[in-house]
$ cat protein_8.cif   # mmCIF, C-alpha atoms
data_query
loop_
_atom_site.group_PDB
_atom_site.id
_atom_site.type_symbol
_atom_site.label_atom_id
_atom_site.label_comp_id
_atom_site.auth_asym_id
_atom_site.auth_seq_id
_atom_site.Cartn_x
_atom_site.Cartn_y
_atom_site.Cartn_z
ATOM 1 C CA MET A 4 123.192 -4.932 101.921
ATOM 2 C CA SER A 5 126.416 -3.133 101.239
ATOM 3 C CA GLU A 6 124.833 -1.407 98.239
ATOM 4 C CA ALA A 7 122.022 -0.081 100.364
ATOM 5 C CA VAL A 8 124.488 1.433 102.815
ATOM 6 C CA PHE A 9 126.578 3.073 100.121
ATOM 7 C CA SER A 10 123.555 4.320 98.200
ATOM 8 C CA LYS A 11 122.997 7.131 100.698
ATOM 9 C CA LEU A 12 126.541 8.472 100.293
ATOM 10 C CA PRO A 13 127.464 10.951 97.545
ATOM 11 C CA ARG A 14 128.958 9.515 94.371
ATOM 12 C CA PHE A 15 132.170 10.817 92.818
ATOM 13 C CA ASP A 16 132.550 8.408 89.970
ATOM 14 C CA GLY A 17 130.800 10.705 87.478
ATOM 15 C CA LEU A 18 133.286 13.551 87.941
ATOM 16 C CA THR A 19 136.488 13.609 86.016
ATOM 17 C CA THR A 20 139.112 15.819 87.485
ATOM 18 C CA HIS A 21 142.464 16.704 86.059
ATOM 19 C CA VAL A 22 145.357 17.982 88.029
ATOM 20 C CA GLY A 23 145.965 21.702 87.343
ATOM 21 C CA ALA A 24 142.717 22.051 85.362
ATOM 22 C CA ARG A 25 140.589 25.173 86.038
ATOM 23 C CA PRO A 26 136.903 24.748 86.742
ATOM 24 C CA ARG A 27 134.619 25.882 83.925
ATOM 25 C CA LEU A 28 132.575 29.002 84.545
ATOM 26 C CA ASP A 29 129.190 29.635 83.022
ATOM 27 C CA ARG A 30 129.617 32.572 80.622
ATOM 28 C CA GLN A 31 125.976 33.574 80.837
ATOM 29 C CA ALA A 32 126.142 33.976 84.599
ATOM 30 C CA GLN A 33 129.008 36.549 84.552
ATOM 31 C CA PRO A 34 128.201 40.094 83.142
ATOM 32 C CA ARG A 35 130.241 41.259 80.166
ATOM 33 C CA GLU A 36 132.438 44.337 80.723
ATOM 34 C CA PRO A 37 131.425 47.100 78.186
ATOM 35 C CA SER A 38 134.162 48.062 75.794
ATOM 36 C CA LEU A 39 135.631 51.564 75.567
ATOM 37 C CA GLU A 40 133.846 52.103 72.250
ATOM 38 C CA ASP A 41 130.488 51.212 73.834
ATOM 39 C CA GLN A 42 131.168 53.612 76.702
ATOM 40 C CA VAL A 43 132.042 56.455 74.272
ATOM 41 C CA ARG A 44 128.920 55.736 72.187
ATOM 42 C CA GLU A 45 126.738 55.754 75.296
ATOM 43 C CA GLN A 46 128.293 59.027 76.512
ATOM 44 C CA ARG A 47 127.718 60.641 73.107
ATOM 45 C CA GLY A 48 124.101 59.487 73.155
ATOM 46 C CA ARG A 49 123.530 61.072 76.554
ATOM 47 C CA ILE A 50 125.175 64.328 75.422
ATOM 48 C CA GLU A 51 123.045 64.443 72.257
ATOM 49 C CA GLN A 52 119.872 63.795 74.235
ATOM 50 C CA GLU A 53 120.715 66.576 76.703
ATOM 51 C CA ARG A 54 121.475 68.928 73.794
ATOM 52 C CA GLN A 55 118.122 68.180 72.160
ATOM 53 C CA GLU A 56 116.298 68.685 75.454
ATOM 54 C CA GLN A 57 118.063 72.029 75.997
ATOM 55 C CA GLU A 58 117.261 73.092 72.430
ATOM 56 C CA THR A 59 113.608 72.173 72.930
ATOM 57 C CA ARG A 60 113.439 74.179 76.170
ATOM 58 C CA TYR A 61 115.191 77.125 74.474
ATOM 59 C CA ASN A 62 112.770 77.050 71.535
ATOM 60 C CA ARG A 63 109.781 77.021 73.886
ATOM 61 C CA LYS A 64 111.168 79.999 75.802
ATOM 62 C CA MET A 65 111.861 81.909 72.569
ATOM 63 C CA ASP A 66 108.318 81.204 71.324
ATOM 64 C CA ALA A 67 106.956 82.559 74.602
ATOM 65 C CA VAL A 68 109.182 85.656 74.333
ATOM 66 C CA GLU A 69 108.071 86.290 70.719
ATOM 67 C CA GLN A 70 104.408 85.970 71.684
ATOM 68 C CA THR A 71 104.949 88.400 74.580
ATOM 69 C CA LEU A 72 106.726 90.884 72.298
ATOM 70 C CA ALA A 73 103.951 90.668 69.711
ATOM 71 C CA LEU A 74 101.369 91.275 72.429
ATOM 72 C CA LEU A 75 103.346 94.226 73.785
ATOM 73 C CA ALA A 76 103.735 95.709 70.292
ATOM 74 C CA GLY A 77 99.970 95.607 69.839
ATOM 75 C CA LYS A 78 99.456 97.213 73.245
ATOM 76 C CA VAL A 79 102.005 99.954 72.478
ATOM 77 C CA GLU A 80 100.289 100.753 69.168
ATOM 78 C CA GLN A 81 96.940 100.961 70.940
ATOM 79 C CA VAL A 82 98.366 103.204 73.663
ATOM 80 C CA GLU A 83 99.941 105.489 71.036
ATOM 81 C CA ALA A 84 96.664 105.704 69.111
ATOM 82 C CA ASP A 85 94.752 106.490 72.310
ATOM 83 C CA ALA A 86 97.345 109.113 73.275
ATOM 84 C CA ARG A 87 97.104 110.786 69.845
ATOM 85 C CA GLU A 88 93.326 110.827 70.056
ATOM 86 C CA GLN A 89 93.328 112.240 73.589
ATOM 87 C CA THR A 90 95.909 114.873 72.642
ATOM 88 C CA ALA A 91 93.881 115.974 69.619
ATOM 89 C CA ALA A 92 90.739 116.138 71.749
ATOM 90 C CA SER A 93 92.551 118.186 74.414
ATOM 91 C CA VAL A 94 93.984 120.605 71.835
ATOM 92 C CA ALA A 95 90.575 121.064 70.233
ATOM 93 C CA SER A 96 88.977 121.661 73.630
ATOM 94 C CA ILE A 97 91.641 124.233 74.546
ATOM 95 C CA ALA A 98 91.257 125.945 71.190
ATOM 96 C CA GLU A 99 87.487 126.134 71.545
ATOM 97 C CA ARG A 100 87.706 127.719 74.999
ATOM 98 C CA LEU A 101 90.972 129.661 75.017
ATOM 99 C CA PHE A 102 91.439 130.990 71.494
ATOM 100 C CA PRO A 103 88.279 133.115 71.459
ATOM 101 C CA LYS A 104 89.235 134.761 74.759
ATOM 102 C CA LEU A 105 92.827 135.439 73.709
ATOM 103 C CA ALA A 106 91.872 136.552 70.227
ATOM 104 C CA ARG A 107 89.187 138.965 71.429
ATOM 105 C CA ARG A 108 91.714 140.396 73.844
ATOM 106 C CA PHE A 109 94.112 141.223 71.019
ATOM 107 C CA LEU A 110 91.613 141.620 68.171
ATOM 108 C CA ALA A 111 91.438 145.409 68.487
ATOM 109 C CA GLU A 112 95.221 145.701 68.284
ATOM 110 C CA GLU A 113 95.358 143.404 65.259
ATOM 111 C CA ILE A 114 92.677 145.422 63.466
ATOM 112 C CA ALA A 115 94.384 148.718 64.263
ATOM 113 C CA LEU A 116 97.737 147.271 63.154
ATOM 114 C CA HIS A 117 96.443 146.430 59.659
ATOM 115 C CA LEU A 118 93.845 149.180 59.312
ATOM 116 C CA GLU A 119 96.263 151.925 58.317
ATOM 117 C CA LYS A 120 97.682 149.747 55.525
ATOM 118 C CA MET A 121 94.218 148.915 54.196
ATOM 119 C CA ILE A 122 92.770 152.400 54.156
ATOM 120 C CA PRO A 123 93.247 154.112 50.785
ATOM 121 C CA PRO A 124 95.420 157.223 51.004
ATOM 122 C CA GLY A 125 93.644 160.571 51.225
ATOM 123 C CA GLN A 126 90.675 159.360 53.287
ATOM 124 C CA VAL A 127 89.774 161.865 56.005
ATOM 125 C CA CYS A 128 86.738 160.223 57.613
ATOM 126 C CA ILE A 129 86.398 156.550 58.527
ATOM 127 C CA ASP A 130 83.509 155.046 60.461
ATOM 128 C CA ILE A 131 84.160 151.903 62.498
ATOM 129 C CA LYS A 132 81.182 149.999 63.918
ATOM 130 C CA ALA A 133 81.610 147.192 66.464
ATOM 131 C CA GLU A 134 79.925 145.720 69.518
ATOM 132 C CA PRO A 135 80.393 147.982 72.577
ATOM 133 C CA HIS A 136 83.176 146.064 74.321
ATOM 134 C CA LEU A 137 85.236 145.693 71.131
ATOM 135 C CA ALA A 138 84.458 149.313 70.142
ATOM 136 C CA GLU A 139 85.894 150.486 73.445
ATOM 137 C CA GLN A 140 89.068 148.462 72.886
ATOM 138 C CA LEU A 141 89.383 149.760 69.328
ATOM 139 C CA TYR A 142 89.005 153.362 70.463
ATOM 140 C CA GLU A 143 91.793 152.948 73.044
ATOM 141 C CA VAL A 144 94.127 151.352 70.494
ATOM 142 C CA LEU A 145 93.372 153.919 67.755
ATOM 143 C CA GLN A 146 94.150 156.759 70.139
ATOM 144 C CA ARG A 147 97.757 155.570 70.232
ATOM 145 C CA SER A 148 98.123 156.487 66.565
ATOM 146 C CA SER A 149 97.884 160.225 65.917
ATOM 147 C CA HIS A 150 96.927 159.627 62.267
ATOM 148 C CA LEU A 151 94.153 157.062 62.962
ATOM 149 C CA ALA A 152 92.848 158.995 65.957
ATOM 150 C CA GLU A 153 92.188 162.004 63.691
ATOM 151 C CA ILE A 154 90.359 160.180 60.878
ATOM 152 C CA CYS A 155 88.601 157.261 62.655
ATOM 153 C CA ASN A 156 85.192 157.533 64.287
ATOM 154 C CA VAL A 157 84.394 154.464 66.457
ATOM 155 C CA VAL A 158 80.666 153.768 66.849
ATOM 156 C CA PRO A 159 79.435 151.133 69.343
ATOM 157 C CA GLN A 160 76.639 149.080 67.789
ATOM 158 C CA GLU A 161 74.772 146.198 69.410
ATOM 159 C CA SER A 162 73.530 144.814 66.110
ATOM 160 C CA SER A 163 76.975 144.383 64.629
ATOM 161 C CA GLY A 164 76.949 140.719 65.644
ATOM 162 C CA GLY A 165 79.580 139.604 68.124
ATOM 163 C CA SER A 166 83.163 140.265 67.064
ATOM 164 C CA ARG A 167 82.235 141.637 63.676
ATOM 165 C CA VAL A 168 83.792 144.985 62.789
ATOM 166 C CA ASP A 169 82.551 147.126 59.890
ATOM 167 C CA VAL A 170 84.953 149.724 58.564
ATOM 168 C CA SER A 171 83.596 152.120 55.947
ATOM 169 C CA TRP A 172 84.705 155.262 54.181
ATOM 170 C CA LYS A 173 83.364 157.343 51.337
ATOM 171 C CA SER A 174 84.610 155.130 48.506
ATOM 172 C CA GLY A 175 84.474 151.680 50.163
ATOM 173 C CA GLY A 176 85.033 149.676 53.298
ATOM 174 C CA LEU A 177 86.150 146.496 55.068
ATOM 175 C CA ASP A 178 84.435 143.824 57.133
ATOM 176 C CA PHE A 179 86.192 141.855 59.870
ATOM 177 C CA ASP A 180 84.122 138.813 60.842
ATOM 178 C CA PHE A 181 86.252 137.348 63.585
ATOM 179 C CA ASP A 182 83.581 135.001 64.970
ATOM 180 C CA GLY A 183 82.994 133.478 61.541
ATOM 181 C CA LEU A 184 86.717 133.012 60.985
ATOM 182 C CA LEU A 185 87.201 131.484 64.418
ATOM 183 C CA GLU A 186 84.256 129.122 63.966
ATOM 184 C CA ALA A 187 85.635 128.035 60.581
ATOM 185 C CA CYS A 188 89.051 127.335 62.146
ATOM 186 C CA ILE A 189 87.545 125.318 65.008
ATOM 187 C CA GLY A 190 85.320 123.434 62.550
ATOM 188 C CA HIS A 191 88.407 122.581 60.499
ATOM 189 C CA LEU A 192 90.157 121.390 63.666
ATOM 190 C CA ARG A 193 87.171 119.187 64.547
ATOM 191 C CA SER A 194 87.047 117.686 61.061
ATOM 192 C CA GLU A 195 90.778 116.936 61.216
ATOM 193 C CA ARG A 196 90.292 115.169 64.537
ATOM 194 C CA SER A 197 87.336 113.172 63.170
ATOM 195 C CA SER A 198 89.271 112.098 60.065
ATOM 196 C CA GLU A 199 92.248 111.015 62.185
ATOM 197 C CA GLY A 200 89.890 108.988 64.392
ATOM 198 C CA GLU A 201 88.425 107.237 61.351
ATOM 199 C CA ILE A 202 91.868 106.483 59.936
ATOM 200 C CA GLY A 203 93.140 105.187 63.315
#
$ encode --input "protein_8.cif" --output "structure tokens"
Amino acid sequence: MSEAVFSKLPRFDGLTTHVGARPRLDRQAQPREPSLEDQVREQRGRIEQERQEQETRYNRKMDAVEQTLALLAGKVEQVEADAREQTAASVASIAERLFPKLARRFLAEEIALHLEKMIPPGQVCIDIKAEPHLAEQLYEVLQRSSHLAEICNVVPQESSGGSRVDVSWKSGGLDFDFDGLLEACIGHLRSERSSEGEIG
């Protein structure tokens, strides 16, 4: 009966206690404090990882910049080629329209300027044939020179063919084919533009 009563009470006979003894602690239950070396190693690892990430981001940005620069360089070359082509076309167009007008305006003066040097000495009668408008200009210019005004006879002629001027004297003569020369110059300008377009 006494055993049944005491069986419900806690038992202390299995514990051995010593005076001044410390209770044992389970080492697995308490976390281990990292050493200074582990902390330094971990910090270095984080720094290296951040450095690699920054380097990767930098490399990606530089690749993007290089691609953009390459694209821009191609665009600039194309713009320069287009600008050269447009400039050449504009110059040719101006030459085709403006040069004939300017040249015809000053053609009579140019002919008169060189005529006296080309005429052999001793000639007393020179016939100059040109289309009416140019003949009129030539006559006005030749009248400024007392020598040429005395020996030159300007004859308007419809069949002379545009800006063609025939100068003749007893022993020879000269032909000024301005339209042919101008057309050859413009043709050369066109061919230069075409060859540049093929090269570009």
$ closest_residue --input "protein_8.cif" --among "A:Glu99, A:Glu112, A:Glu139, A:Glu153" --to "Leu185 in chain A" --atoms "all atoms listed in the file"
A:Glu99
$ closest_residue --input "protein_8.cif" --among "A:Asp178, A:Glu36, A:Glu45, A:Glu58" --to "Met121 in chain A" --atoms "all atoms listed in the file"
A:Asp178
$ resolve_selection --input "protein_8.cif" --expression "the PyMOL selection byres ((chain A and resi 169) around 9)" --output "ChimeraX atom specification"
/A:130-133,163,167-168,170-171,176-180
$ atom_distance --input "protein_8.cif" --atom1 "CA of Glu161 in chain A" --atom2 "CA of Gly183 in chain A"
17.1 Å
$ atom_distance --input "protein_8.cif" --atom1 "CA of Ile122 in chain A" --atom2 "CA of Gly175 in chain A"
9.2 Å
$ axis_aligned_box --input "protein_8.cif" --around "range 97-102 of chain A" --padding-each-side "6 Å" --output "AutoDock Vina command-line options"
--center_x 89.6 --center_y 127.6 --center_z 73.1 --size_x 16.2 --size_y 18.8 --size_z 15.8
$ closest_residue --input "protein_8.cif" --among "A:Ser174, A:Ala98, A:Leu137, A:Pro124" --to "His150 in chain A" --atoms "only C-alpha atoms"
A:Pro124
$ atom_distance --input "protein_8.cif" --atom1 "CA of Ser93 in chain A" --atom2 "CA of Ser166 in chain A"
25.1 Å
$ resolve_selection --input "protein_8.cif" --expression "the PyMOL selection byres ((chain A and resi 142) around 12)" --output "PyMOL selection string"
chain A and resi 111-112+114-115+130-141+143-148+151-159
$ closest_residue --input "protein_8.cif" --among "A:Glu88, A:Leu39, A:Leu116, A:Pro103" --to "Glu186 in chain A" --atoms "all atoms listed in the file"
A:Pro103
$ decode --input "protein_8.cif" --residues "range 58-101 of chain A" --atoms "N, CA and C atoms" --output "PDB file, in the first residue's frame"
ATOM      1  N   GLU A  58      31.363  44.869 -61.713  1.00  0.00           N
ATOM      2  CA  GLU A  58      32.120  44.690 -62.959  1.00  0.00           C
ATOM      3  C   GLU A  58      31.222  44.168 -64.076  1.00  0.00           C
ATOM      4  N   THR A  59      30.323  43.254 -63.727  1.00  0.00           N
ATOM      5  CA  THR A  59      29.386  42.724 -64.719  1.00  0.00           C
ATOM      6  C   THR A  59      28.473  43.828 -65.238  1.00  0.00           C
ATOM      7  N   ARG A  60      27.929  44.642 -64.316  1.00  0.00           N
ATOM      8  CA  ARG A  60      27.071  45.756 -64.733  1.00  0.00           C
ATOM      9  C   ARG A  60      27.837  46.749 -65.601  1.00  0.00           C
ATOM     10  N   TYR A  61      29.106  47.039 -65.212  1.00  0.00           N
ATOM     11  CA  TYR A  61      29.927  47.970 -65.984  1.00  0.00           C
ATOM     12  C   TYR A  61      30.180  47.429 -67.392  1.00  0.00           C
ATOM     13  N   ASN A  62      30.503  46.137 -67.486  1.00  0.00           N
ATOM     14  CA  ASN A  62      30.762  45.539 -68.796  1.00  0.00           C
ATOM     15  C   ASN A  62      29.526  45.583 -69.686  1.00  0.00           C
ATOM     16  N   ARG A  63      28.359  45.344 -69.100  1.00  0.00           N
ATOM     17  CA  ARG A  63      27.121  45.415 -69.886  1.00  0.00           C
ATOM     18  C   ARG A  63      26.885  46.824 -70.401  1.00  0.00           C
ATOM     19  N   LYS A  64      27.118  47.818 -69.524  1.00  0.00           N
ATOM     20  CA  LYS A  64      26.935  49.212 -69.948  1.00  0.00           C
ATOM     21  C   LYS A  64      27.924  49.590 -71.047  1.00  0.00           C
ATOM     22  N   MET A  65      29.185  49.158 -70.911  1.00  0.00           N
ATOM     23  CA  MET A  65      30.190  49.460 -71.928  1.00  0.00           C
ATOM     24  C   MET A  65      29.859  48.795 -73.253  1.00  0.00           C
ATOM     25  N   ASP A  66      29.345  47.558 -73.211  1.00  0.00           N
ATOM     26  CA  ASP A  66      28.923  46.882 -74.447  1.00  0.00           C
ATOM     27  C   ASP A  66      27.806  47.670 -75.122  1.00  0.00           C
ATOM     28  N   ALA A  67      26.861  48.150 -74.308  1.00  0.00           N
ATOM     29  CA  ALA A  67      25.757  48.938 -74.874  1.00  0.00           C
ATOM     30  C   ALA A  67      26.272  50.239 -75.480  1.00  0.00           C
ATOM     31  N   VAL A  68      27.232  50.883 -74.791  1.00  0.00           N
ATOM     32  CA  VAL A  68      27.805  52.137 -75.314  1.00  0.00           C
ATOM     33  C   VAL A  68      28.536  51.882 -76.627  1.00  0.00           C
ATOM     34  N   GLU A  69      29.330  50.790 -76.701  1.00  0.00           N
ATOM     35  CA  GLU A  69      30.070  50.474 -77.922  1.00  0.00           C
ATOM     36  C   GLU A  69      29.113  50.186 -79.078  1.00  0.00           C
ATOM     37  N   GLN A  70      28.042  49.466 -78.807  1.00  0.00           N
ATOM     38  CA  GLN A  70      27.062  49.194 -79.862  1.00  0.00           C
ATOM     39  C   GLN A  70      26.422  50.492 -80.345  1.00  0.00           C
ATOM     40  N   THR A  71      26.109  51.396 -79.394  1.00  0.00           N
ATOM     41  CA  THR A  71      25.511  52.682 -79.781  1.00  0.00           C
ATOM     42  C   THR A  71      26.481  53.508 -80.619  1.00  0.00           C
ATOM     43  N   LEU A  72      27.770  53.515 -80.218  1.00  0.00           N
ATOM     44  CA  LEU A  72      28.766  54.268 -80.974  1.00  0.00           C
ATOM     45  C   LEU A  72      28.947  53.699 -82.375  1.00  0.00           C
ATOM     46  N   ALA A  73      28.961  52.373 -82.476  1.00  0.00           N
ATOM     47  CA  ALA A  73      29.090  51.751 -83.801  1.00  0.00           C
ATOM     48  C   ALA A  73      27.898  52.106 -84.681  1.00  0.00           C
ATOM     49  N   LEU A  74      26.718  52.093 -84.095  1.00  0.00           N
ATOM     50  CA  LEU A  74      25.509  52.461 -84.846  1.00  0.00           C
ATOM     51  C   LEU A  74      25.573  53.922 -85.285  1.00  0.00           C
ATOM     52  N   LEU A  75      26.009  54.793 -84.374  1.00  0.00           N
ATOM     53  CA  LEU A  75      26.112  56.213 -84.712  1.00  0.00           C
ATOM     54  C   LEU A  75      27.157  56.453 -85.799  1.00  0.00           C
ATOM     55  N   ALA A  76      28.281  55.717 -85.723  1.00  0.00           N
ATOM     56  CA  ALA A  76      29.319  55.881 -86.749  1.00  0.00           C
ATOM     57  C   ALA A  76      28.773  55.522 -88.121  1.00  0.00           C
ATOM     58  N   GLY A  77      28.008  54.432 -88.190  1.00  0.00           N
ATOM     59  CA  GLY A  77      27.396  54.058 -89.464  1.00  0.00           C
ATOM     60  C   GLY A  77      26.424  55.114 -89.958  1.00  0.00           C
ATOM     61  N   LYS A  78      25.645  55.673 -89.033  1.00  0.00           N
ATOM     62  CA  LYS A  78      24.679  56.715 -89.407  1.00  0.00           C
ATOM     63  C   LYS A  78      25.403  57.965 -89.909  1.00  0.00           C
ATOM     64  N   VAL A  79      26.498  58.345 -89.212  1.00  0.00           N
ATOM     65  CA  VAL A  79      27.254  59.532 -89.611  1.00  0.00           C
ATOM     66  C   VAL A  79      27.837  59.348 -91.008  1.00  0.00           C
ATOM     67  N   GLU A  80      28.395  58.159 -91.278  1.00  0.00           N
ATOM     68  CA  GLU A  80      28.944  57.896 -92.612  1.00  0.00           C
ATOM     69  C   GLU A  80      27.859  58.001 -93.671  1.00  0.00           C
ATOM     70  N   GLN A  81      26.677  57.477 -93.368  1.00  0.00           N
ATOM     71  CA  GLN A  81      25.577  57.537 -94.327  1.00  0.00           C
ATOM     72  C   GLN A  81      25.134  58.978 -94.559  1.00  0.00           C
ATOM     73  N   VAL A  82      25.058  59.747 -93.463  1.00  0.00           N
ATOM     74  CA  VAL A  82      24.664  61.157 -93.594  1.00  0.00           C
ATOM     75  C   VAL A  82      25.691  61.922 -94.422  1.00  0.00           C
ATOM     76  N   GLU A  83      26.992  61.662 -94.176  1.00  0.00           N
ATOM     77  CA  GLU A  83      28.035  62.342 -94.946  1.00  0.00           C
ATOM     78  C   GLU A  83      27.952  61.978 -96.421  1.00  0.00           C
ATOM     79  N   ALA A  84      27.728  60.691 -96.711  1.00  0.00           N
ATOM     80  CA  ALA A  84      27.610  60.271 -98.111  1.00  0.00           C
ATOM     81  C   ALA A  84      26.401  60.925 -98.774  1.00  0.00           C
ATOM     82  N   ASP A  85      25.282  60.966 -98.055  1.00  0.00           N
ATOM     83  CA  ASP A  85      24.082  61.622 -98.607  1.00  0.00           C
ATOM     84  C   ASP A  85      24.324  63.105 -98.830  1.00  0.00           C
ATOM     85  N   ALA A  86      25.031  63.743 -97.874  1.00  0.00           N
ATOM     86  CA  ALA A  86      25.308  65.182 -98.010  1.00  0.00           C
ATOM     87  C   ALA A  86      26.206  65.456 -99.210  1.00  0.00           C
ATOM     88  N   ARG A  87      27.242  64.599 -99.406  1.00  0.00           N
ATOM     89  CA  ARG A  87      28.119  64.771-100.568  1.00  0.00           C
ATOM     90  C   ARG A  87      27.338  64.613-101.867  1.00  0.00           C
ATOM     91  N   GLU A  88      26.474  63.605-101.900  1.00  0.00           N
ATOM     92  CA  GLU A  88      25.691  63.370-103.111  1.00  0.00           C
ATOM     93  C   GLU A  88      24.735  64.531-103.384  1.00  0.00           C
ATOM     94  N   GLN A  89      24.075  65.020-102.346  1.00  0.00           N
ATOM     95  CA  GLN A  89      23.153  66.145-102.531  1.00  0.00           C
ATOM     96  C   GLN A  89      23.894  67.412-102.936  1.00  0.00           C
ATOM     97  N   THR A  90      25.081  67.631-102.357  1.00  0.00           N
ATOM     98  CA  THR A  90      25.871  68.805-102.720  1.00  0.00           C
ATOM     99  C   THR A  90      26.300  68.747-104.180  1.00  0.00           C
ATOM    100  N   ALA A  91      26.778  67.565-104.605  1.00  0.00           N
ATOM    101  CA  ALA A  91      27.197  67.415-106.002  1.00  0.00           C
ATOM    102  C   ALA A  91      26.016  67.630-106.941  1.00  0.00           C
ATOM    103  N   ALA A  92      24.854  67.094-106.562  1.00  0.00           N
ATOM    104  CA  ALA A  92      23.668  67.275-107.404  1.00  0.00           C
ATOM    105  C   ALA A  92      23.267  68.744-107.462  1.00  0.00           C
ATOM    106  N   SER A  93      23.350  69.445-106.329  1.00  0.00           N
ATOM    107  CA  SER A  93      23.001  70.871-106.310  1.00  0.00           C
ATOM    108  C   SER A  93      23.962  71.687-107.155  1.00  0.00           C
ATOM    109  N   VAL A  94      25.272  71.398-107.037  1.00  0.00           N
ATOM    110  CA  VAL A  94      26.271  72.127-107.821  1.00  0.00           C
ATOM    111  C   VAL A  94      26.050  71.896-109.316  1.00  0.00           C
ATOM    112  N   ALA A  95      25.790  70.645-109.686  1.00  0.00           N
ATOM    113  CA  ALA A  95      25.552  70.345-111.094  1.00  0.00           C
ATOM    114  C   ALA A  95      24.306  71.062-111.603  1.00  0.00           C
ATOM    115  N   SER A  96      23.262  71.091-110.780  1.00  0.00           N
ATOM    116  CA  SER A  96      22.028  71.768-111.180  1.00  0.00           C
ATOM    117  C   SER A  96      22.260  73.268-111.349  1.00  0.00           C
ATOM    118  N   ILE A  97      23.010  73.861-110.424  1.00  0.00           N
ATOM    119  CA  ILE A  97      23.326  75.294-110.522  1.00  0.00           C
ATOM    120  C   ILE A  97      24.155  75.564-111.772  1.00  0.00           C
ATOM    121  N   ALA A  98      25.139  74.699-112.006  1.00  0.00           N
ATOM    122  CA  ALA A  98      26.000  74.891-113.174  1.00  0.00           C
ATOM    123  C   ALA A  98      25.195  74.815-114.463  1.00  0.00           C
ATOM    124  N   GLU A  99      24.278  73.843-114.523  1.00  0.00           N
ATOM    125  CA  GLU A  99      23.488  73.677-115.740  1.00  0.00           C
ATOM    126  C   GLU A  99      22.582  74.878-116.008  1.00  0.00           C
ATOM    127  N   ARG A 100      22.095  75.508-114.951  1.00  0.00           N
ATOM    128  CA  ARG A 100      21.170  76.638-115.146  1.00  0.00           C
ATOM    129  C   ARG A 100      21.864  77.993-115.152  1.00  0.00           C
ATOM    130  N   LEU A 101      22.859  78.165-114.263  1.00  0.00           N
ATOM    131  CA  LEU A 101      23.431  79.491-114.058  1.00  0.00           C
ATOM    132  C   LEU A 101      24.613  79.785-114.980  1.00  0.00           C
TER     133      LEU A 101
END
